[in-house]
Amino acid sequence: MKGFQRYRVILILTALFAAAFANGQVGQWVFKAHSLHVRNHPVAAAGHDGKIYVFGGNYSSGGLGFDLKTAEAYDPATDSWSAISDMPSTVIGIDAVTLDDGRIFITGYTPLGGGLTVNVSYLYDPTTDVYGNAAKIPLAFSSGLVTAVGNDGNVIAMVPAVSELWAYQISTNSWSQLADYPGPDNPALVSDAHHLIYAMGGLEASVSGQVWIYDDHTHAWTQISSMHHPRFEHRAVIAGDGRIYAIGGADGSAGLSTAEAYDPSSGVWTDVGSLNTARRAPGVAADAFGRIYAIDGNKDISGGGDSNQLDTTECYQPSMLLGVGDSISGQEGSSFSGQVATFKDLGPSEAVINYTASINWGDGAHTVGTIAAGPSTGSFTVSGTHTYAKQGDYVTSIKIDDADGDTTSIAGSAHPTNAPITGNAINIQASSGVQFASIIGHFDDANPLEGVSDFIASLSWGDLTPFANASVTANNVSGFDISASHTYSTPGTYTFKIELFDGSTVVYFTGTATVTIPPPVITSKVISATEGTVFTANVASFSDADPGLSATSFSGTVDWGDGSVTPASITSDGSGGYTVAGTHNYHHFGSYPVKVSISVNSGPSGNATGTANVSDATLTATGYSLICKGTDFSNTVATFIDANPFGLAADYSVNILWGDGKSSKGKVIASGSGFKVTGSHSYLKRGNYTVTVTIGDGGTSTASATTHINVGPVK
């Protein structure tokens, strides 16, 4: 709060406290200044400026009845009344309730003449003294409405004669029907500090003391303890001590001056001081300090006679402790620490240590408050620290206890705003006719208490399909991801828009989806071949999302993995798919990656990689019968042929067992269409030797040849 604004509030509170101290009489009804008009059935509502506003009603004179559209305001600080602007029309069956934003919602119906009526609703702004129109409740009724404020800050209205419950949504200026009221007709309606709706008493031919509570969260009615005094045409209000008060009315034979209070914490009704004057259908409201005002009305159930009409006001002060709750702000997820209320003790001056405070923050949390001396003599402030997990409008309740046994509850409010959300959409690459599922956005929330369940994401894909849901998940590094799945039917560029809801806040992210013709879906195969042998084989199969294409719509290549790339032969398989064939000759055994690439009419291409397992070709060796004239041998010892025509002399290795227990490597020399093996060896003595020549090519194929050498020669 700006310094000047807080100083101005302190001055107002000081003046109000001074008036409260001068005029308060705890537990008694005290007459205040006369109102400006004699009237029955007026309605009253408390303004955020501390004043009580009174609207409408009727009066009789000389046997004639008159409905009023006049309005006036009472200032508790000066005990004075002043006129405000008349309502735009006369409103019968009227009721009024103060909204969280300080405006006063007025509803009822206006007579048109000839027995015709029209429903009306007005929004009165005390700061400008101007009435605005609001949506009319969408049903016919000819008796009064009763209203209260629900837990979401919207108006709850009951049509007593038919027991229907309706809600007025402020943000949409519209009405919707809720669960019907199961209790007796014509109750009084009021909401407590937590916006539970109390419906009490009612009927007219007979009188009821029943009390029911409506929970706007569960949309359920629950009956609680009945009032001590059955009554109708009474009024109900929540006072500064947190209790619900039923005031005045009639019991079927006479107007009532009794008043009683219900304590939500104990569930007990207690009679409180009686009014000085019986009041049927008075206007009732509580000021900023929780004091109750009963205004005007009719003191006799008959309603006849001008002398029964009232223009008097009575005030009831529930406690010696009077306080005003602050309207606090801040940001969700961030700690608030500051003043939540100011109070004054109308009894003898006491020290700070004599008071204790507990704070109900309205979100289920309770903490102990800190009390300090206030801005004026004899006043005190209550401060506290709290972190709201979620933005919203909360009703705070500050309970003050005095060492001498006095207690009061002060209603305040908290309005933490939504923490900022920053993020972006993630552009998408997709294929038409093919469903994708991917992360489409990322965001961070400045509120560290947020979890994935706090967000709702939906989006428009930009292709005229209906809005779709998206999922929010925690990102492993930071923030949150938004994911969704979709199928675009047609290629193109689309702008998709994500709507991210966080409570009442919505954030938008926009991205681009680039959708192309889908490539063929290829399945590779495993090929078996032999080195040096030409083969033709089916190397892959594929399908395409477009059923209108044929084999001639495609082209492709086969990369054999040995540096050779050849065109693919594509044929239909007769069942909507296609077969890819290729012809090749591997020069060397081994395992090769075979990559098949298929494109659609020069459009997108798909590819898949398979494997060619190429086996080793066979070797065939031949030996000789040789004569070595001396003991030193050097000559060809064998020849061999490789079935792989691409074999080279360097590909082979040879081992020669000379028959005398010794061995050596042989040399391979190309010879015609095959190869010869030469070797050298020195024998130690003459004789006939059997030589074994073994040939290998580094693969799985080997060949052996036997050669006989006569060394000497031996005769």
# chains A, B, ... in the order shown; residues from 1 in each chain; ligands from 1
$ residues_around --residues "Pro184 of chain A" --least-positions-apart "6" --cutoff "10 Å" --atoms "only C-alpha atoms" --output "number ranges by chain"
A: 160-163, 199-204, 206-212
$ residues_around --residues "segment 316-325 of chain A" --least-positions-apart "6" --cutoff "8 Å" --atoms "only C-alpha atoms" --output "PDB file with N, CA and C atoms, in the first residue's frame"
ATOM      1  N   PHE A  17     -12.951   3.991  15.180  1.00  0.00           N
ATOM      2  CA  PHE A  17     -12.713   3.498  16.531  1.00  0.00           C
ATOM      3  C   PHE A  17     -13.224   4.491  17.563  1.00  0.00           C
ATOM      4  N   ALA A  20     -16.903   4.201  17.734  1.00  0.00           N
ATOM      5  CA  ALA A  20     -17.280   2.948  18.381  1.00  0.00           C
ATOM      6  C   ALA A  20     -17.082   3.042  19.893  1.00  0.00           C
ATOM      7  N   GLY A  24     -20.550   2.595  21.879  1.00  0.00           N
ATOM      8  CA  GLY A  24     -20.765   1.173  22.060  1.00  0.00           C
ATOM      9  C   GLY A  24     -21.291   0.806  23.439  1.00  0.00           C
ATOM     10  N   GLN A  25     -22.233  -0.107  23.472  1.00  0.00           N
ATOM     11  CA  GLN A  25     -22.736  -0.706  24.709  1.00  0.00           C
ATOM     12  C   GLN A  25     -22.887  -2.189  24.448  1.00  0.00           C
ATOM     13  N   VAL A  26     -21.926  -2.967  24.916  1.00  0.00           N
ATOM     14  CA  VAL A  26     -21.860  -4.384  24.602  1.00  0.00           C
ATOM     15  C   VAL A  26     -23.075  -5.115  25.154  1.00  0.00           C
ATOM     16  N   GLY A  27     -23.669  -5.985  24.298  1.00  0.00           N
ATOM     17  CA  GLY A  27     -24.770  -6.824  24.728  1.00  0.00           C
ATOM     18  C   GLY A  27     -26.108  -6.123  24.830  1.00  0.00           C
ATOM     19  N   GLN A  28     -26.234  -4.920  24.325  1.00  0.00           N
ATOM     20  CA  GLN A  28     -27.502  -4.180  24.386  1.00  0.00           C
ATOM     21  C   GLN A  28     -27.830  -3.600  23.012  1.00  0.00           C
ATOM     22  N   TRP A  29     -29.141  -3.474  22.770  1.00  0.00           N
ATOM     23  CA  TRP A  29     -29.613  -2.780  21.573  1.00  0.00           C
ATOM     24  C   TRP A  29     -29.812  -1.311  21.922  1.00  0.00           C
ATOM     25  N   VAL A  30     -29.160  -0.440  21.146  1.00  0.00           N
ATOM     26  CA  VAL A  30     -29.165   0.997  21.431  1.00  0.00           C
ATOM     27  C   VAL A  30     -29.730   1.727  20.219  1.00  0.00           C
ATOM     28  N   ALA A 239     -22.013 -11.321  12.564  1.00  0.00           N
ATOM     29  CA  ALA A 239     -21.485 -10.186  13.322  1.00  0.00           C
ATOM     30  C   ALA A 239     -19.983 -10.331  13.533  1.00  0.00           C
ATOM     31  N   GLY A 240     -19.418  -9.328  14.224  1.00  0.00           N
ATOM     32  CA  GLY A 240     -17.979  -9.288  14.415  1.00  0.00           C
ATOM     33  C   GLY A 240     -17.429 -10.396  15.271  1.00  0.00           C
ATOM     34  N   ASP A 241     -18.263 -11.074  16.051  1.00  0.00           N
ATOM     35  CA  ASP A 241     -17.782 -12.188  16.870  1.00  0.00           C
ATOM     36  C   ASP A 241     -17.831 -13.518  16.123  1.00  0.00           C
ATOM     37  N   ALA A 288     -18.278  -2.416   9.647  1.00  0.00           N
ATOM     38  CA  ALA A 288     -16.918  -2.926   9.553  1.00  0.00           C
ATOM     39  C   ALA A 288     -16.399  -3.472  10.868  1.00  0.00           C
ATOM     40  N   PHE A 289     -17.001  -3.038  11.995  1.00  0.00           N
ATOM     41  CA  PHE A 289     -16.576  -3.508  13.307  1.00  0.00           C
ATOM     42  C   PHE A 289     -17.437  -4.659  13.813  1.00  0.00           C
ATOM     43  N   GLY A 290     -18.315  -5.179  12.963  1.00  0.00           N
ATOM     44  CA  GLY A 290     -19.121  -6.303  13.361  1.00  0.00           C
ATOM     45  C   GLY A 290     -20.325  -5.950  14.202  1.00  0.00           C
ATOM     46  N   ARG A 291     -20.679  -4.636  14.331  1.00  0.00           N
ATOM     47  CA  ARG A 291     -21.883  -4.235  15.057  1.00  0.00           C
ATOM     48  C   ARG A 291     -23.086  -4.400  14.141  1.00  0.00           C
ATOM     49  N   ILE A 292     -24.190  -4.802  14.734  1.00  0.00           N
ATOM     50  CA  ILE A 292     -25.396  -5.109  13.970  1.00  0.00           C
ATOM     51  C   ILE A 292     -26.358  -3.928  14.032  1.00  0.00           C
ATOM     52  N   TYR A 293     -26.977  -3.627  12.891  1.00  0.00           N
ATOM     53  CA  TYR A 293     -27.974  -2.556  12.813  1.00  0.00           C
ATOM     54  C   TYR A 293     -29.289  -3.142  12.312  1.00  0.00           C
ATOM     55  N   VAL A 340      -2.716  -7.935   9.286  1.00  0.00           N
ATOM     56  CA  VAL A 340      -3.943  -8.555   8.800  1.00  0.00           C
ATOM     57  C   VAL A 340      -5.192  -7.963   9.449  1.00  0.00           C
ATOM     58  N   ALA A 341      -5.050  -7.225  10.543  1.00  0.00           N
ATOM     59  CA  ALA A 341      -6.220  -6.652  11.212  1.00  0.00           C
ATOM     60  C   ALA A 341      -5.783  -5.576  12.198  1.00  0.00           C
ATOM     61  N   THR A 342      -6.745  -4.718  12.550  1.00  0.00           N
ATOM     62  CA  THR A 342      -6.574  -3.710  13.604  1.00  0.00           C
ATOM     63  C   THR A 342      -7.775  -3.830  14.531  1.00  0.00           C
ATOM     64  N   PHE A 343      -7.547  -3.720  15.855  1.00  0.00           N
ATOM     65  CA  PHE A 343      -8.667  -3.804  16.780  1.00  0.00           C
ATOM     66  C   PHE A 343      -8.472  -2.858  17.952  1.00  0.00           C
ATOM     67  N   LYS A 344      -9.597  -2.647  18.670  1.00  0.00           N
ATOM     68  CA  LYS A 344      -9.572  -1.784  19.852  1.00  0.00           C
ATOM     69  C   LYS A 344     -10.457  -2.405  20.920  1.00  0.00           C
ATOM     70  N   ASP A 345     -10.043  -2.262  22.150  1.00  0.00           N
ATOM     71  CA  ASP A 345     -10.792  -2.763  23.295  1.00  0.00           C
ATOM     72  C   ASP A 345     -11.567  -1.606  23.899  1.00  0.00           C
ATOM     73  N   LEU A 346     -12.907  -1.730  23.944  1.00  0.00           N
ATOM     74  CA  LEU A 346     -13.729  -0.654  24.491  1.00  0.00           C
ATOM     75  C   LEU A 346     -13.764  -0.676  26.011  1.00  0.00           C
ATOM     76  N   GLY A 347     -13.156  -1.690  26.589  1.00  0.00           N
ATOM     77  CA  GLY A 347     -13.065  -1.745  28.045  1.00  0.00           C
ATOM     78  C   GLY A 347     -11.865  -0.953  28.527  1.00  0.00           C
ATOM     79  N   THR A 396     -10.220 -14.352   5.382  1.00  0.00           N
ATOM     80  CA  THR A 396      -9.431 -14.580   6.587  1.00  0.00           C
ATOM     81  C   THR A 396     -10.293 -14.310   7.818  1.00  0.00           C
ATOM     82  N   SER A 397      -9.975 -14.980   8.902  1.00  0.00           N
ATOM     83  CA  SER A 397     -10.688 -14.780  10.161  1.00  0.00           C
ATOM     84  C   SER A 397      -9.650 -14.671  11.274  1.00  0.00           C
ATOM     85  N   ILE A 398      -9.647 -13.526  11.939  1.00  0.00           N
ATOM     86  CA  ILE A 398      -8.671 -13.276  12.990  1.00  0.00           C
ATOM     87  C   ILE A 398      -9.403 -13.267  14.326  1.00  0.00           C
ATOM     88  N   ILE A 400      -9.520 -12.766  18.250  1.00  0.00           N
ATOM     89  CA  ILE A 400      -8.826 -12.047  19.312  1.00  0.00           C
ATOM     90  C   ILE A 400      -9.401 -12.480  20.654  1.00  0.00           C
ATOM     91  N   ASP A 406     -13.053 -11.735  27.191  1.00  0.00           N
ATOM     92  CA  ASP A 406     -13.753 -11.224  26.009  1.00  0.00           C
ATOM     93  C   ASP A 406     -13.087 -11.772  24.752  1.00  0.00           C
ATOM     94  N   THR A 407     -13.876 -11.943  23.712  1.00  0.00           N
ATOM     95  CA  THR A 407     -13.351 -12.488  22.460  1.00  0.00           C
ATOM     96  C   THR A 407     -14.121 -11.917  21.289  1.00  0.00           C
ATOM     97  N   THR A 408     -13.505 -11.898  20.143  1.00  0.00           N
ATOM     98  CA  THR A 408     -14.185 -11.494  18.916  1.00  0.00           C
ATOM     99  C   THR A 408     -13.467 -12.108  17.731  1.00  0.00           C
ATOM    100  N   ILE A 410     -12.624 -11.302  13.675  1.00  0.00           N
ATOM    101  CA  ILE A 410     -12.568 -10.217  12.696  1.00  0.00           C
ATOM    102  C   ILE A 410     -12.409 -10.839  11.313  1.00  0.00           C
ATOM    103  N   ALA A 411     -13.268 -10.482  10.404  1.00  0.00           N
ATOM    104  CA  ALA A 411     -13.198 -11.002   9.033  1.00  0.00           C
ATOM    105  C   ALA A 411     -12.346 -10.082   8.173  1.00  0.00           C
ATOM    106  N   GLY A 412     -11.434 -10.663   7.442  1.00  0.00           N
ATOM    107  CA  GLY A 412     -10.630  -9.929   6.475  1.00  0.00           C
ATOM    108  C   GLY A 412     -10.615 -10.683   5.159  1.00  0.00           C
ATOM    109  N   SER A 413      -9.723 -10.338   4.294  1.00  0.00           N
ATOM    110  CA  SER A 413      -9.651 -11.019   3.004  1.00  0.00           C
ATOM    111  C   SER A 413      -8.214 -11.029   2.509  1.00  0.00           C
TER     112      SER A 413
END
$ residues_around --residues "Lys32 of chain A" --least-positions-apart "3" --cutoff "10 Å" --atoms "only C-alpha atoms" --output "PyMOL selection string"
chain A and resi 23+29+35+74+76+79-80+293-295+312-315
$ select_by_dssp --residues "segment 320-435 of chain A" --states "strand (DSSP E or B)" --output "PyMOL selection string"
chain A and resi 321-325+327-331+335-345+355-360+366-368+370-373+379-387+394-402+407-417+421-425+428-431
$ residues_around --residues "His587 of chain A" --least-positions-apart "5" --cutoff "7 Å" --atoms "only C-alpha atoms" --output "compact mmCIF listing (two decimals) with N, CA and C atoms, in the first residue's frame"
# COMPACT_ATOMS: atom_id res chain seq x y z
N GLU A 531 30.45 -64.80 -52.04
CA GLU A 531 31.36 -63.89 -52.74
C GLU A 531 31.63 -64.41 -54.14
N GLY A 532 31.67 -63.40 -55.05
CA GLY A 532 32.00 -63.74 -56.43
C GLY A 532 30.85 -64.28 -57.23
N PHE A 646 37.21 -62.99 -58.08
CA PHE A 646 37.81 -61.71 -57.73
C PHE A 646 38.94 -61.86 -56.71
$ select_by_dssp --residues "segment 433-612 of chain A" --states "helix (DSSP H, G or I)" --output "PyMOL selection string"
chain A and resi 452-454+551-553
$ write_last_selection --atoms "N, CA and C atoms" --output "compact mmCIF listing (two decimals), in the first residue's frame"
# COMPACT_ATOMS: atom_id res chain seq x y z
N VAL A 452 1.79 -30.61 -11.24
CA VAL A 452 1.15 -30.83 -12.54
C VAL A 452 -0.37 -30.81 -12.43
N SER A 453 -0.92 -31.20 -11.27
CA SER A 453 -2.38 -31.23 -11.13
C SER A 453 -2.99 -29.83 -11.06
N ASP A 454 -2.16 -28.80 -10.90
CA ASP A 454 -2.67 -27.43 -10.83
C ASP A 454 -2.94 -26.83 -12.21
N ALA A 551 3.24 -49.08 -58.14
CA ALA A 551 4.68 -49.31 -58.08
C ALA A 551 5.46 -48.29 -58.89
N THR A 552 4.85 -47.81 -59.99
CA THR A 552 5.55 -46.84 -60.84
C THR A 552 5.62 -45.46 -60.18
N SER A 553 4.90 -45.25 -59.07
CA SER A 553 4.95 -43.97 -58.37
C SER A 553 6.21 -43.82 -57.53
$ residues_around --residues "Pro567 of chain A" --least-positions-apart "6" --cutoff "10 Å" --atoms "only C-alpha atoms" --output "PyMOL selection string"
chain A and resi 555-559+580-583+596-597
$ atom_distance --atom1 "atom CA of Gly661 of chain A" --atom2 "atom CA of Gly674 of chain A"
28.9 Å
$ decode --residues "segment 200-244 of chain A" --atoms "N, CA and C atoms" --output "JSON list (two decimals), in the first residue's frame"
[["chain", "number", "residue", "atom", "x", "y", "z"],
["A", 200, "MET", "N", -32.59, -20.07, 7.51],
["A", 200, "MET", "CA", -33.17, -20.28, 8.84],
["A", 200, "MET", "C", -34.59, -19.76, 8.93],
["A", 201, "GLY", "N", -35.42, -20.55, 9.64],
["A", 201, "GLY", "CA", -36.80, -20.14, 9.87],
["A", 201, "GLY", "C", -37.63, -20.17, 8.61],
["A", 202, "GLY", "N", -38.82, -19.49, 8.69],
["A", 202, "GLY", "CA", -39.65, -19.37, 7.52],
["A", 202, "GLY", "C", -41.08, -19.78, 7.72],
["A", 203, "LEU", "N", -41.79, -19.95, 6.59],
["A", 203, "LEU", "CA", -43.23, -20.20, 6.51],
["A", 203, "LEU", "C", -43.99, -18.94, 6.94],
["A", 204, "GLU", "N", -45.31, -18.99, 6.87],
["A", 204, "GLU", "CA", -46.11, -17.85, 7.29],
["A", 204, "GLU", "C", -47.39, -18.30, 7.98],
["A", 205, "ALA", "N", -48.14, -19.21, 7.38],
["A", 205, "ALA", "CA", -49.32, -19.73, 8.07],
["A", 205, "ALA", "C", -48.91, -20.42, 9.36],
["A", 206, "SER", "N", -47.79, -21.10, 9.31],
["A", 206, "SER", "CA", -47.16, -21.65, 10.52],
["A", 206, "SER", "C", -45.72, -21.13, 10.53],
["A", 207, "VAL", "N", -45.03, -21.34, 11.63],
["A", 207, "VAL", "CA", -43.70, -20.75, 11.79],
["A", 207, "VAL", "C", -42.69, -21.86, 12.07],
["A", 208, "SER", "N", -41.50, -21.74, 11.49],
["A", 208, "SER", "CA", -40.47, -22.76, 11.64],
["A", 208, "SER", "C", -39.22, -22.17, 12.29],
["A", 209, "GLY", "N", -38.53, -23.02, 13.02],
["A", 209, "GLY", "CA", -37.23, -22.64, 13.58],
["A", 209, "GLY", "C", -36.10, -23.44, 12.95],
["A", 210, "GLN", "N", -36.39, -24.19, 11.88],
["A", 210, "GLN", "CA", -35.36, -25.03, 11.25],
["A", 210, "GLN", "C", -34.23, -24.17, 10.69],
["A", 211, "VAL", "N", -33.02, -24.76, 10.70],
["A", 211, "VAL", "CA", -31.84, -24.11, 10.13],
["A", 211, "VAL", "C", -31.11, -25.13, 9.27],
["A", 212, "TRP", "N", -30.76, -24.72, 8.05],
["A", 212, "TRP", "CA", -30.05, -25.57, 7.10],
["A", 212, "TRP", "C", -28.80, -24.84, 6.61],
["A", 213, "ILE", "N", -27.76, -25.63, 6.30],
["A", 213, "ILE", "CA", -26.52, -25.06, 5.75],
["A", 213, "ILE", "C", -26.29, -25.64, 4.36],
["A", 214, "TYR", "N", -25.96, -24.74, 3.43],
["A", 214, "TYR", "CA", -25.63, -25.16, 2.06],
["A", 214, "TYR", "C", -24.14, -24.94, 1.82],
["A", 215, "ASP", "N", -23.46, -26.00, 1.38],
["A", 215, "ASP", "CA", -22.03, -25.93, 1.06],
["A", 215, "ASP", "C", -21.88, -25.84, -0.46],
["A", 216, "ASP", "N", -21.41, -24.70, -0.91],
["A", 216, "ASP", "CA", -21.32, -24.49, -2.36],
["A", 216, "ASP", "C", -20.21, -25.33, -2.99],
["A", 217, "HIS", "N", -19.33, -25.93, -2.17],
["A", 217, "HIS", "CA", -18.32, -26.84, -2.71],
["A", 217, "HIS", "C", -18.94, -28.18, -3.06],
["A", 218, "THR", "N", -19.78, -28.70, -2.15],
["A", 218, "THR", "CA", -20.37, -30.03, -2.36],
["A", 218, "THR", "C", -21.77, -29.98, -2.93],
["A", 219, "HIS", "N", -22.37, -28.76, -2.98],
["A", 219, "HIS", "CA", -23.74, -28.57, -3.46],
["A", 219, "HIS", "C", -24.73, -29.41, -2.64],
["A", 220, "ALA", "N", -24.49, -29.49, -1.33],
["A", 220, "ALA", "CA", -25.34, -30.30, -0.46],
["A", 220, "ALA", "C", -25.89, -29.45, 0.68],
["A", 221, "TRP", "N", -27.13, -29.76, 1.08],
["A", 221, "TRP", "CA", -27.79, -29.13, 2.22],
["A", 221, "TRP", "C", -27.68, -30.04, 3.44],
["A", 222, "THR", "N", -27.42, -29.45, 4.62],
["A", 222, "THR", "CA", -27.35, -30.20, 5.87],
["A", 222, "THR", "C", -28.13, -29.45, 6.94],
["A", 223, "GLN", "N", -29.01, -30.14, 7.65],
["A", 223, "GLN", "CA", -29.78, -29.50, 8.71],
["A", 223, "GLN", "C", -28.96, -29.49, 10.01],
["A", 224, "ILE", "N", -29.02, -28.35, 10.74],
["A", 224, "ILE", "CA", -28.32, -28.22, 12.02],
["A", 224, "ILE", "C", -29.35, -27.88, 13.10],
["A", 225, "SER", "N", -28.86, -27.52, 14.29],
["A", 225, "SER", "CA", -29.74, -27.22, 15.42],
["A", 225, "SER", "C", -30.72, -26.09, 15.08],
["A", 226, "SER", "N", -31.98, -26.25, 15.53],
["A", 226, "SER", "CA", -33.01, -25.24, 15.26],
["A", 226, "SER", "C", -32.83, -24.03, 16.18],
["A", 227, "MET", "N", -33.39, -22.90, 15.74],
["A", 227, "MET", "CA", -33.39, -21.69, 16.56],
["A", 227, "MET", "C", -34.26, -21.89, 17.80],
["A", 228, "HIS", "N", -34.01, -21.09, 18.82],
["A", 228, "HIS", "CA", -34.86, -21.13, 20.01],
["A", 228, "HIS", "C", -36.26, -20.60, 19.72],
["A", 229, "HIS", "N", -36.35, -19.64, 18.80],
["A", 229, "HIS", "CA", -37.61, -18.95, 18.54],
["A", 229, "HIS", "C", -37.97, -19.11, 17.06],
["A", 230, "PRO", "N", -38.97, -19.92, 16.74],
["A", 230, "PRO", "CA", -39.43, -19.99, 15.34],
["A", 230, "PRO", "C", -39.85, -18.60, 14.87],
["A", 231, "ARG", "N", -39.53, -18.27, 13.60],
["A", 231, "ARG", "CA", -39.82, -16.92, 13.12],
["A", 231, "ARG", "C", -39.82, -16.89, 11.60],
["A", 232, "PHE", "N", -40.56, -15.90, 11.05],
["A", 232, "PHE", "CA", -40.50, -15.62, 9.62],
["A", 232, "PHE", "C", -40.45, -14.10, 9.46],
["A", 233, "GLU", "N", -40.12, -13.65, 8.24],
["A", 233, "GLU", "CA", -39.90, -12.23, 7.94],
["A", 233, "GLU", "C", -38.90, -11.62, 8.92],
["A", 234, "HIS", "N", -37.95, -12.42, 9.32],
["A", 234, "HIS", "CA", -36.84, -11.95, 10.14],
["A", 234, "HIS", "C", -35.65, -11.72, 9.21],
["A", 235, "ARG", "N", -34.55, -11.28, 9.76],
["A", 235, "ARG", "CA", -33.33, -11.07, 8.98],
["A", 235, "ARG", "C", -32.17, -11.76, 9.69],
["A", 236, "ALA", "N", -31.15, -12.12, 8.91],
["A", 236, "ALA", "CA", -29.98, -12.80, 9.45],
["A", 236, "ALA", "C", -28.73, -12.06, 9.02],
["A", 237, "VAL", "N", -27.70, -12.12, 9.88],
["A", 237, "VAL", "CA", -26.46, -11.40, 9.60],
["A", 237, "VAL", "C", -25.33, -12.07, 10.37],
["A", 238, "ILE", "N", -24.10, -11.99, 9.87],
["A", 238, "ILE", "CA", -22.93, -12.43, 10.62],
["A", 238, "ILE", "C", -22.31, -11.21, 11.28],
["A", 239, "ALA", "N", -22.01, -11.32, 12.56],
["A", 239, "ALA", "CA", -21.49, -10.19, 13.32],
["A", 239, "ALA", "C", -19.98, -10.33, 13.53],
["A", 240, "GLY", "N", -19.42, -9.33, 14.22],
["A", 240, "GLY", "CA", -17.98, -9.29, 14.42],
["A", 240, "GLY", "C", -17.43, -10.40, 15.27],
["A", 241, "ASP", "N", -18.26, -11.07, 16.05],
["A", 241, "ASP", "CA", -17.78, -12.19, 16.87],
["A", 241, "ASP", "C", -17.83, -13.52, 16.12],
["A", 242, "GLY", "N", -18.16, -13.49, 14.83],
["A", 242, "GLY", "CA", -18.19, -14.70, 14.02],
["A", 242, "GLY", "C", -19.46, -15.50, 14.14],
["A", 243, "ARG", "N", -20.43, -15.04, 14.94],
["A", 243, "ARG", "CA", -21.68, -15.78, 15.11],
["A", 243, "ARG", "C", -22.72, -15.32, 14.10],
["A", 244, "ILE", "N", -23.69, -16.21, 13.82],
["A", 244, "ILE", "CA", -24.80, -15.91, 12.92],
["A", 244, "ILE", "C", -25.99, -15.46, 13.77]]
